[in-house]
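Asker: My structure is in entry.cif, and what it holds is mmCIF, C-alpha atoms and all ligand atoms:
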data_entry
loop_
_atom_site.group_PDB
_atom_site.id
_atom_site.type_symbol
_atom_site.label_atom_id
_atom_site.label_comp_id
_atom_site.auth_asym_id
_atom_site.auth_seq_id
_atom_site.Cartn_x
_atom_site.Cartn_y
_atom_site.Cartn_z
ATOM 1 C CA MET W 1084 48.958 -11.179 72.652
ATOM 2 C CA ILE W 1085 51.735 -13.011 70.877
ATOM 3 C CA ARG W 1086 51.011 -16.737 70.811
ATOM 4 C CA PRO W 1087 53.583 -19.501 70.471
ATOM 5 C CA ILE W 1088 53.911 -20.854 66.921
ATOM 6 C CA LEU W 1089 53.688 -24.638 66.681
ATOM 7 C CA ARG W 1090 56.265 -26.528 64.680
ATOM 8 C CA TYR W 1091 56.007 -29.234 62.055
ATOM 9 C CA GLY W 1092 55.017 -32.442 63.866
ATOM 10 C CA ALA W 1093 52.479 -30.820 66.224
ATOM 11 C CA GLU W 1094 49.193 -32.691 65.751
ATOM 12 C CA VAL W 1095 46.936 -29.691 65.020
ATOM 13 C CA LEU W 1096 49.176 -28.669 62.086
ATOM 14 C CA HIS W 1097 48.465 -31.947 60.355
ATOM 15 C CA GLN W 1098 44.682 -32.033 60.644
ATOM 16 C CA PRO W 1099 42.038 -30.087 58.711
ATOM 17 C CA ALA W 1100 40.576 -27.104 60.576
ATOM 18 C CA SER W 1101 36.847 -26.509 61.175
ATOM 19 C CA GLU W 1102 34.618 -23.781 59.760
ATOM 20 C CA VAL W 1103 34.048 -20.772 62.026
ATOM 21 C CA ALA W 1104 30.351 -20.638 63.015
ATOM 22 C CA ALA W 1105 30.315 -16.863 63.626
ATOM 23 C CA VAL W 1106 32.858 -14.044 63.880
ATOM 24 C CA THR W 1107 32.490 -13.540 67.637
ATOM 25 C CA PRO W 1108 34.671 -11.305 69.859
ATOM 26 C CA ASP W 1109 36.685 -14.464 70.689
ATOM 27 C CA VAL W 1110 37.399 -15.020 67.000
ATOM 28 C CA GLN W 1111 38.389 -11.337 66.660
ATOM 29 C CA THR W 1112 40.786 -11.725 69.576
ATOM 30 C CA LEU W 1113 42.261 -14.773 67.851
ATOM 31 C CA ILE W 1114 42.666 -12.717 64.645
ATOM 32 C CA ASP W 1115 44.332 -9.821 66.501
ATOM 33 C CA ASP W 1116 46.697 -12.241 68.261
ATOM 34 C CA MET W 1117 47.535 -13.922 64.963
ATOM 35 C CA VAL W 1118 48.374 -10.569 63.357
ATOM 36 C CA GLN W 1119 50.570 -9.614 66.315
ATOM 37 C CA THR W 1120 52.248 -13.027 66.262
ATOM 38 C CA MET W 1121 52.849 -12.826 62.489
ATOM 39 C CA TYR W 1122 54.432 -9.371 62.765
ATOM 40 C CA ALA W 1123 56.589 -10.376 65.722
ATOM 41 C CA ALA W 1124 57.914 -13.514 64.005
ATOM 42 C CA PRO W 1125 58.232 -11.753 61.481
ATOM 43 C CA GLY W 1126 56.276 -13.427 58.686
ATOM 44 C CA ILE W 1127 53.963 -12.621 55.778
ATOM 45 C CA GLY W 1128 51.235 -15.113 56.662
ATOM 46 C CA LEU W 1129 49.863 -17.157 59.534
ATOM 47 C CA ALA W 1130 47.080 -19.713 59.874
ATOM 48 C CA ALA W 1131 45.131 -20.373 63.092
ATOM 49 C CA THR W 1132 46.345 -23.983 63.137
ATOM 50 C CA GLN W 1133 49.891 -22.641 63.585
ATOM 51 C CA VAL W 1134 48.919 -21.183 66.954
ATOM 52 C CA GLY W 1135 47.104 -24.378 67.905
ATOM 53 C CA VAL W 1136 43.550 -23.303 67.034
ATOM 54 C CA PRO W 1137 41.827 -25.690 64.578
ATOM 55 C CA LEU W 1138 39.643 -23.030 62.924
ATOM 56 C CA ARG W 1139 39.563 -21.843 59.325
ATOM 57 C CA VAL W 1140 41.195 -18.430 59.780
ATOM 58 C CA PHE W 1141 44.318 -17.017 58.177
ATOM 59 C CA VAL W 1142 46.034 -13.647 57.961
ATOM 60 C CA VAL W 1143 48.433 -12.402 55.280
ATOM 61 C CA ASP W 1144 50.427 -9.179 55.046
ATOM 62 C CA LEU W 1145 53.136 -8.957 52.416
ATOM 63 C CA SER W 1146 54.350 -5.672 53.951
ATOM 64 C CA VAL W 1147 54.691 -7.269 57.441
ATOM 65 C CA GLY W 1148 52.862 -4.329 59.044
ATOM 66 C CA ARG W 1149 54.465 -1.481 57.093
ATOM 67 C CA GLN W 1150 51.380 -0.849 54.960
ATOM 68 C CA ALA W 1151 48.065 -1.021 56.853
ATOM 69 C CA THR W 1152 46.077 -1.721 53.673
ATOM 70 C CA ASP W 1153 48.152 -4.845 52.992
ATOM 71 C CA LEU W 1154 46.729 -6.747 55.960
ATOM 72 C CA LEU W 1155 44.245 -9.355 54.777
ATOM 73 C CA VAL W 1156 42.104 -11.388 57.155
ATOM 74 C CA PHE W 1157 40.148 -14.409 55.967
ATOM 75 C CA VAL W 1158 37.622 -16.388 57.980
ATOM 76 C CA ASN W 1159 36.244 -19.504 56.232
ATOM 77 C CA PRO W 1160 38.252 -18.764 53.070
ATOM 78 C CA GLU W 1161 37.678 -20.601 49.817
ATOM 79 C CA PHE W 1162 39.206 -20.356 46.394
ATOM 80 C CA VAL W 1163 37.040 -18.772 43.733
ATOM 81 C CA LEU W 1164 39.763 -19.442 41.177
ATOM 82 C CA THR W 1165 43.341 -20.644 40.947
ATOM 83 C CA GLU W 1166 45.252 -20.638 37.692
ATOM 84 C CA GLY W 1167 48.712 -20.828 36.243
ATOM 85 C CA ARG W 1168 51.830 -22.134 37.872
ATOM 86 C CA GLN W 1169 54.842 -20.615 39.635
ATOM 87 C CA PHE W 1170 57.887 -22.208 41.200
ATOM 88 C CA GLU W 1171 59.607 -20.234 43.947
ATOM 89 C CA ASP W 1172 61.495 -20.833 47.140
ATOM 90 C CA GLU W 1173 59.186 -21.057 50.120
ATOM 91 C CA GLY W 1174 59.426 -21.289 53.902
ATOM 92 C CA CYS W 1175 57.066 -21.455 56.871
ATOM 93 C CA LEU W 1176 57.137 -20.124 60.435
ATOM 94 C CA SER W 1177 56.281 -23.683 61.570
ATOM 95 C CA VAL W 1178 59.318 -25.089 59.757
ATOM 96 C CA PRO W 1179 62.065 -22.617 60.754
ATOM 97 C CA GLY W 1180 65.391 -23.012 59.008
ATOM 98 C CA PHE W 1181 64.067 -24.895 55.983
ATOM 99 C CA ASN W 1182 63.170 -23.719 52.496
ATOM 100 C CA ALA W 1183 62.235 -25.482 49.301
ATOM 101 C CA THR W 1184 60.867 -24.761 45.858
ATOM 102 C CA VAL W 1185 57.122 -25.385 45.802
ATOM 103 C CA ALA W 1186 54.731 -25.325 42.836
ATOM 104 C CA ARG W 1187 51.891 -22.862 43.413
ATOM 105 C CA PRO W 1188 49.238 -21.168 41.294
ATOM 106 C CA ALA W 1189 50.376 -17.924 39.647
ATOM 107 C CA ARG W 1190 46.997 -16.354 40.359
ATOM 108 C CA ALA W 1191 44.469 -17.056 43.095
ATOM 109 C CA VAL W 1192 41.185 -15.427 44.048
ATOM 110 C CA VAL W 1193 40.021 -16.023 47.623
ATOM 111 C CA ARG W 1194 36.625 -15.344 49.100
ATOM 112 C CA GLY W 1195 35.876 -15.311 52.825
ATOM 113 C CA LEU W 1196 34.814 -13.135 55.747
ATOM 114 C CA ASP W 1197 36.901 -10.272 57.075
ATOM 115 C CA ARG W 1198 37.518 -9.366 60.750
ATOM 116 C CA ASP W 1199 34.057 -7.782 60.960
ATOM 117 C CA GLY W 1200 32.357 -10.821 59.482
ATOM 118 C CA ASN W 1201 31.717 -9.119 56.148
ATOM 119 C CA PRO W 1202 32.334 -11.075 52.960
ATOM 120 C CA HIS W 1203 35.228 -10.001 50.787
ATOM 121 C CA THR W 1204 37.029 -11.347 47.748
ATOM 122 C CA VAL W 1205 40.691 -10.673 47.008
ATOM 123 C CA GLU W 1206 42.736 -11.504 43.937
ATOM 124 C CA GLY W 1207 46.396 -12.313 44.359
ATOM 125 C CA THR W 1208 49.167 -12.862 41.837
ATOM 126 C CA GLY W 1209 52.793 -13.833 42.378
ATOM 127 C CA LEU W 1210 53.775 -13.847 46.044
ATOM 128 C CA LEU W 1211 50.233 -13.078 47.242
ATOM 129 C CA ALA W 1212 48.804 -16.039 45.298
ATOM 130 C CA ARG W 1213 51.560 -18.184 46.806
ATOM 131 C CA ALA W 1214 50.745 -16.955 50.321
ATOM 132 C CA PHE W 1215 47.018 -17.641 49.821
ATOM 133 C CA GLN W 1216 47.706 -21.220 48.723
ATOM 134 C CA HIS W 1217 50.259 -21.767 51.507
ATOM 135 C CA GLU W 1218 47.845 -20.578 54.225
ATOM 136 C CA MET W 1219 44.892 -22.447 52.713
ATOM 137 C CA ASP W 1220 47.020 -25.595 52.826
ATOM 138 C CA HIS W 1221 47.539 -25.027 56.569
ATOM 139 C CA LEU W 1222 43.759 -24.990 57.070
ATOM 140 C CA ASP W 1223 43.586 -28.332 55.252
ATOM 141 C CA GLY W 1224 46.270 -29.785 57.525
ATOM 142 C CA ALA W 1225 49.132 -29.526 55.039
ATOM 143 C CA VAL W 1226 52.517 -27.870 55.509
ATOM 144 C CA PHE W 1227 54.701 -26.972 52.495
ATOM 145 C CA VAL W 1228 56.928 -29.952 53.262
ATOM 146 C CA ASP W 1229 53.943 -32.203 52.476
ATOM 147 C CA ARG W 1230 53.896 -30.747 48.948
ATOM 148 C CA LEU W 1231 57.452 -31.904 48.294
ATOM 149 C CA ARG W 1232 58.348 -35.266 46.834
ATOM 150 C CA GLY W 1233 61.169 -37.762 46.969
ATOM 151 C CA LEU W 1234 64.627 -36.840 48.154
ATOM 152 C CA GLN W 1235 63.827 -33.202 48.886
ATOM 153 C CA LYS W 1236 61.054 -34.207 51.282
ATOM 154 C CA GLN W 1237 63.122 -36.978 52.872
ATOM 155 C CA LEU W 1238 66.028 -34.636 53.492
ATOM 156 C CA ILE W 1239 63.900 -32.100 55.382
ATOM 157 C CA THR W 1240 61.809 -34.586 57.386
ATOM 158 C CA ARG W 1241 64.939 -36.539 58.340
ATOM 159 C CA ARG W 1242 66.672 -33.403 59.589
ATOM 160 C CA ILE W 1243 63.562 -32.354 61.535
ATOM 161 C CA ARG W 1244 63.362 -35.809 63.150
ATOM 162 C CA ARG W 1245 67.014 -35.569 64.128
ATOM 163 C CA LEU W 1246 66.458 -32.100 65.664
ATOM 164 C CA ALA W 1247 63.374 -33.411 67.508
ATOM 165 C CA ARG W 1248 65.337 -36.356 68.903
ATOM 166 C CA THR W 1249 67.939 -34.028 70.364
ATOM 167 C CA GLY W 1250 65.298 -31.644 71.747
ATOM 168 C CA LYS W 1251 66.183 -28.841 69.324
ATOM 169 C CA TRP W 1252 62.826 -28.692 67.524
HETATM 170 NI NI NI J 1301 53.257 -21.769 56.929
#
For the structure just supplied, provide its representation as structure tokens.
Answerer:
Amino acid sequence: MIRPILRYGAEVLHQPASEVAAVTPDVQTLIDDMVQTMYAAPGIGLAATQVGVPLRVFVVDLSVGRQATDLLVFVNPEFVLTEGRQFEDEGCLSVPGFNATVARPARAVVRGLDRDGNPHTVEGTGLLARAFQHEMDHLDGAVFVDRLRGLQKQLITRRIRRLARTGKW
């Protein structure tokens, strides 16, 4: 089932998510819905907080469904390692219409449980490392806009507030 994606400003997007106690059928349904929602958007990553569920779950697929082996599911993810630095343009399904350059690690290794509750560890570089950090931020209650500073941040938040005021957000 495709779930609605919350936008910047929705409370659950700005609060840290809770650990998943066990990968139950309900959690698997959430994962399946998140994958479907990510593909429909379309996007390369989605965190549970973006569909209003405050649990530590995210999905990433750089191929957006074209390559089955590219789908990565993480329950209770944690970084084993992050290193290096990259600066690229970034967006978010919860902040449609806005992009900005965000500093991210060049390499990131994430450990967590997969859809079956089995532990797995995945190393990402480049875009995958960026996606890991972006989704992990969501689980900590941070959206990419929160990583910006100064004028760049003001510009985006001001425009979002204006859209919200006129009911277009
Ligand atoms: Ni996002």
Asker: (35.2, -20.2, 46.0) in this file's frame - what residues fall within 9 Å of it? Use only C-alpha atoms and give the answer as a PyMOL selection string.
Answerer: chain W and resi 1160-1164+1192-1195
Asker: List all protein, DNA and RNA residues that have an atom no more than 10 Å from any atom of ligand NI 1301 (chain J), counting only C-alpha atoms and all ligand atoms, and report them as a PyMOL selection string.
Answerer: chain W and resi 1090-1091+1096+1126-1130+1132-1133+1173-1179+1214+1216-1221+1225-1228
Asker: Nearest residue to Ala1131 in chain W out of W:Asp1153, W:Asp1223, W:Asp1172, W:Glu1206, using only C-alpha atoms?
Answerer: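 For Ala1131 in chain W, the nearest of the given residues is W:Asp1223.
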Asker: Pick out the closest residue to Asn1201 in chain W from this set: W:Leu1238, W:Ala1189, W:Ala1151, W:Ala1105. Count only C-alpha atoms.
Answerer: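 For Asn1201 in chain W, the nearest of the given residues is W:Ala1105.
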Asker: Quick one: of W:Ala1186, W:Val1142, W:Ala1191, W:Val1136, who's nearest to Gly1207 in chain W, counting all atoms listed in the file?
Answerer: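 Nearest candidate to Gly1207 in chain W out of W:Ala1186, W:Val1142, W:Ala1191, W:Val1136: W:Ala1191.
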Asker: Evaluate the PyMOL selection byres (((chain W and resi 1122) around 12) and not hetatm) on the structure here and hand back the selected residues as a PyMOL selection string.
Answerer: chain W and resi 1084-1086+1115-1121+1123-1129+1142-1150+1154+1176
Asker: Selection in question (the file shown): the PyMOL selection byres (((chain W and resi 1169) around 9) and not hetatm). Which residues does it include, as a PyMOL selection string?
Answerer: chain W and resi 1167-1168+1170-1171+1185-1190+1209+1213
Asker: One decimal, in Å: what's the spacing between CA of Val1140 in chain W and CA of Ala1212 in chain W?
Answerer: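 Separating CA of Val1140 in chain W from CA of Ala1212 in chain W is a distance of 16.5 Å.
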Asker: Name the residues in contact with Val1110 in chain W at a cut-off of 12 Å, using all atoms listed in the file, excluding same-chain residues fewer than 6 positions from it; report them as a PyMOL selection string.
Answerer: chain W and resi 1102-1104+1116-1117+1131+1136-1141+1156-1159+1196-1200
Asker: Find, counting only C-alpha atoms, the residue in W:Leu1246, W:Val1205, W:Leu1210, W:Val1134 that gets nearest to Leu1222 in chain W.
Answerer: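 Among the listed residues, W:Val1134 lies closest to Leu1222 in chain W.
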Asker: Which protein, DNA or RNA residues have an atom at most 12 Å from (62.9, -32.3, 64.7), counting only C-alpha atoms? List them as a ChimeraX atom specification.
Answerer: /W:1090-1093,1177-1181,1238-1252
Asker: Write the residues of the selection above to a file with C-alpha atoms, as a PDB file, in the frame of the given file.
Answerer:
ATOM      1  CA  ARG W1090      56.265 -26.528  64.680  1.00  0.00           C
ATOM      2  CA  TYR W1091      56.007 -29.234  62.055  1.00  0.00           C
ATOM      3  CA  GLY W1092      55.017 -32.442  63.866  1.00  0.00           C
ATOM      4  CA  ALA W1093      52.479 -30.820  66.224  1.00  0.00           C
ATOM      5  CA  SER W1177      56.281 -23.683  61.570  1.00  0.00           C
ATOM      6  CA  VAL W1178      59.318 -25.089  59.757  1.00  0.00           C
ATOM      7  CA  PRO W1179      62.065 -22.617  60.754  1.00  0.00           C
ATOM      8  CA  GLY W1180      65.391 -23.012  59.008  1.00  0.00           C
ATOM      9  CA  PHE W1181      64.067 -24.895  55.983  1.00  0.00           C
ATOM     10  CA  LEU W1238      66.028 -34.636  53.492  1.00  0.00           C
ATOM     11  CA  ILE W1239      63.900 -32.100  55.382  1.00  0.00           C
ATOM     12  CA  THR W1240      61.809 -34.586  57.386  1.00  0.00           C
ATOM     13  CA  ARG W1241      64.939 -36.539  58.340  1.00  0.00           C
ATOM     14  CA  ARG W1242      66.672 -33.403  59.589  1.00  0.00           C
ATOM     15  CA  ILE W1243      63.562 -32.354  61.535  1.00  0.00           C
ATOM     16  CA  ARG W1244      63.362 -35.809  63.150  1.00  0.00           C
ATOM     17  CA  ARG W1245      67.014 -35.569  64.128  1.00  0.00           C
ATOM     18  CA  LEU W1246      66.458 -32.100  65.664  1.00  0.00           C
ATOM     19  CA  ALA W1247      63.374 -33.411  67.508  1.00  0.00           C
ATOM     20  CA  ARG W1248      65.337 -36.356  68.903  1.00  0.00           C
ATOM     21  CA  THR W1249      67.939 -34.028  70.364  1.00  0.00           C
ATOM     22  CA  GLY W1250      65.298 -31.644  71.747  1.00  0.00           C
ATOM     23  CA  LYS W1251      66.183 -28.841  69.324  1.00  0.00           C
ATOM     24  CA  TRP W1252      62.826 -28.692  67.524  1.00  0.00           C
TER      25      TRP W1252
END
Asker: Between CA of Lys1236 in chain W and CA of Ala1183 in chain W, what is the spacing in Å?
Answerer: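 Taking CA of Ala1183 in chain W as the start and CA of Lys1236 in chain W as the end point, the length is 9.0 Å.
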Asker: What does the structure give for the distance between CA of His1097 in chain W and CA of Leu1113 in chain W, in Å to one decimal?
Answerer: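 Between CA of His1097 in chain W and CA of Leu1113 in chain W the gap works out to 19.7 Å.
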Asker: Using all atoms listed in the file, which of W:Pro1202, W:Gly1233, W:Gly1224, W:Gly1135 sits nearest Gln1098 in chain W?
Answerer: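 Comparing W:Pro1202, W:Gly1233, W:Gly1224, W:Gly1135 against Gln1098 in chain W, the winner is W:Gly1224.
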Asker: Between W:Pro1099, W:Ile1114, W:Val1106, W:Leu1155, which is the closest to Leu1211 in chain W once you count only C-alpha atoms?
Answerer: W:Leu1155
Asker: Box time for range 1163-1177 of chain W: axis-aligned, enclosing all its listed atoms, 8 Å extra on each side; report centre and edge lengths in Å to one decimal, as lines of an AutoDock Vina configuration file.
Answerer:
center_x = 49.3
center_y = -21.2
center_z = 48.9
size_x = 40.5
size_y = 20.9
size_z = 41.3
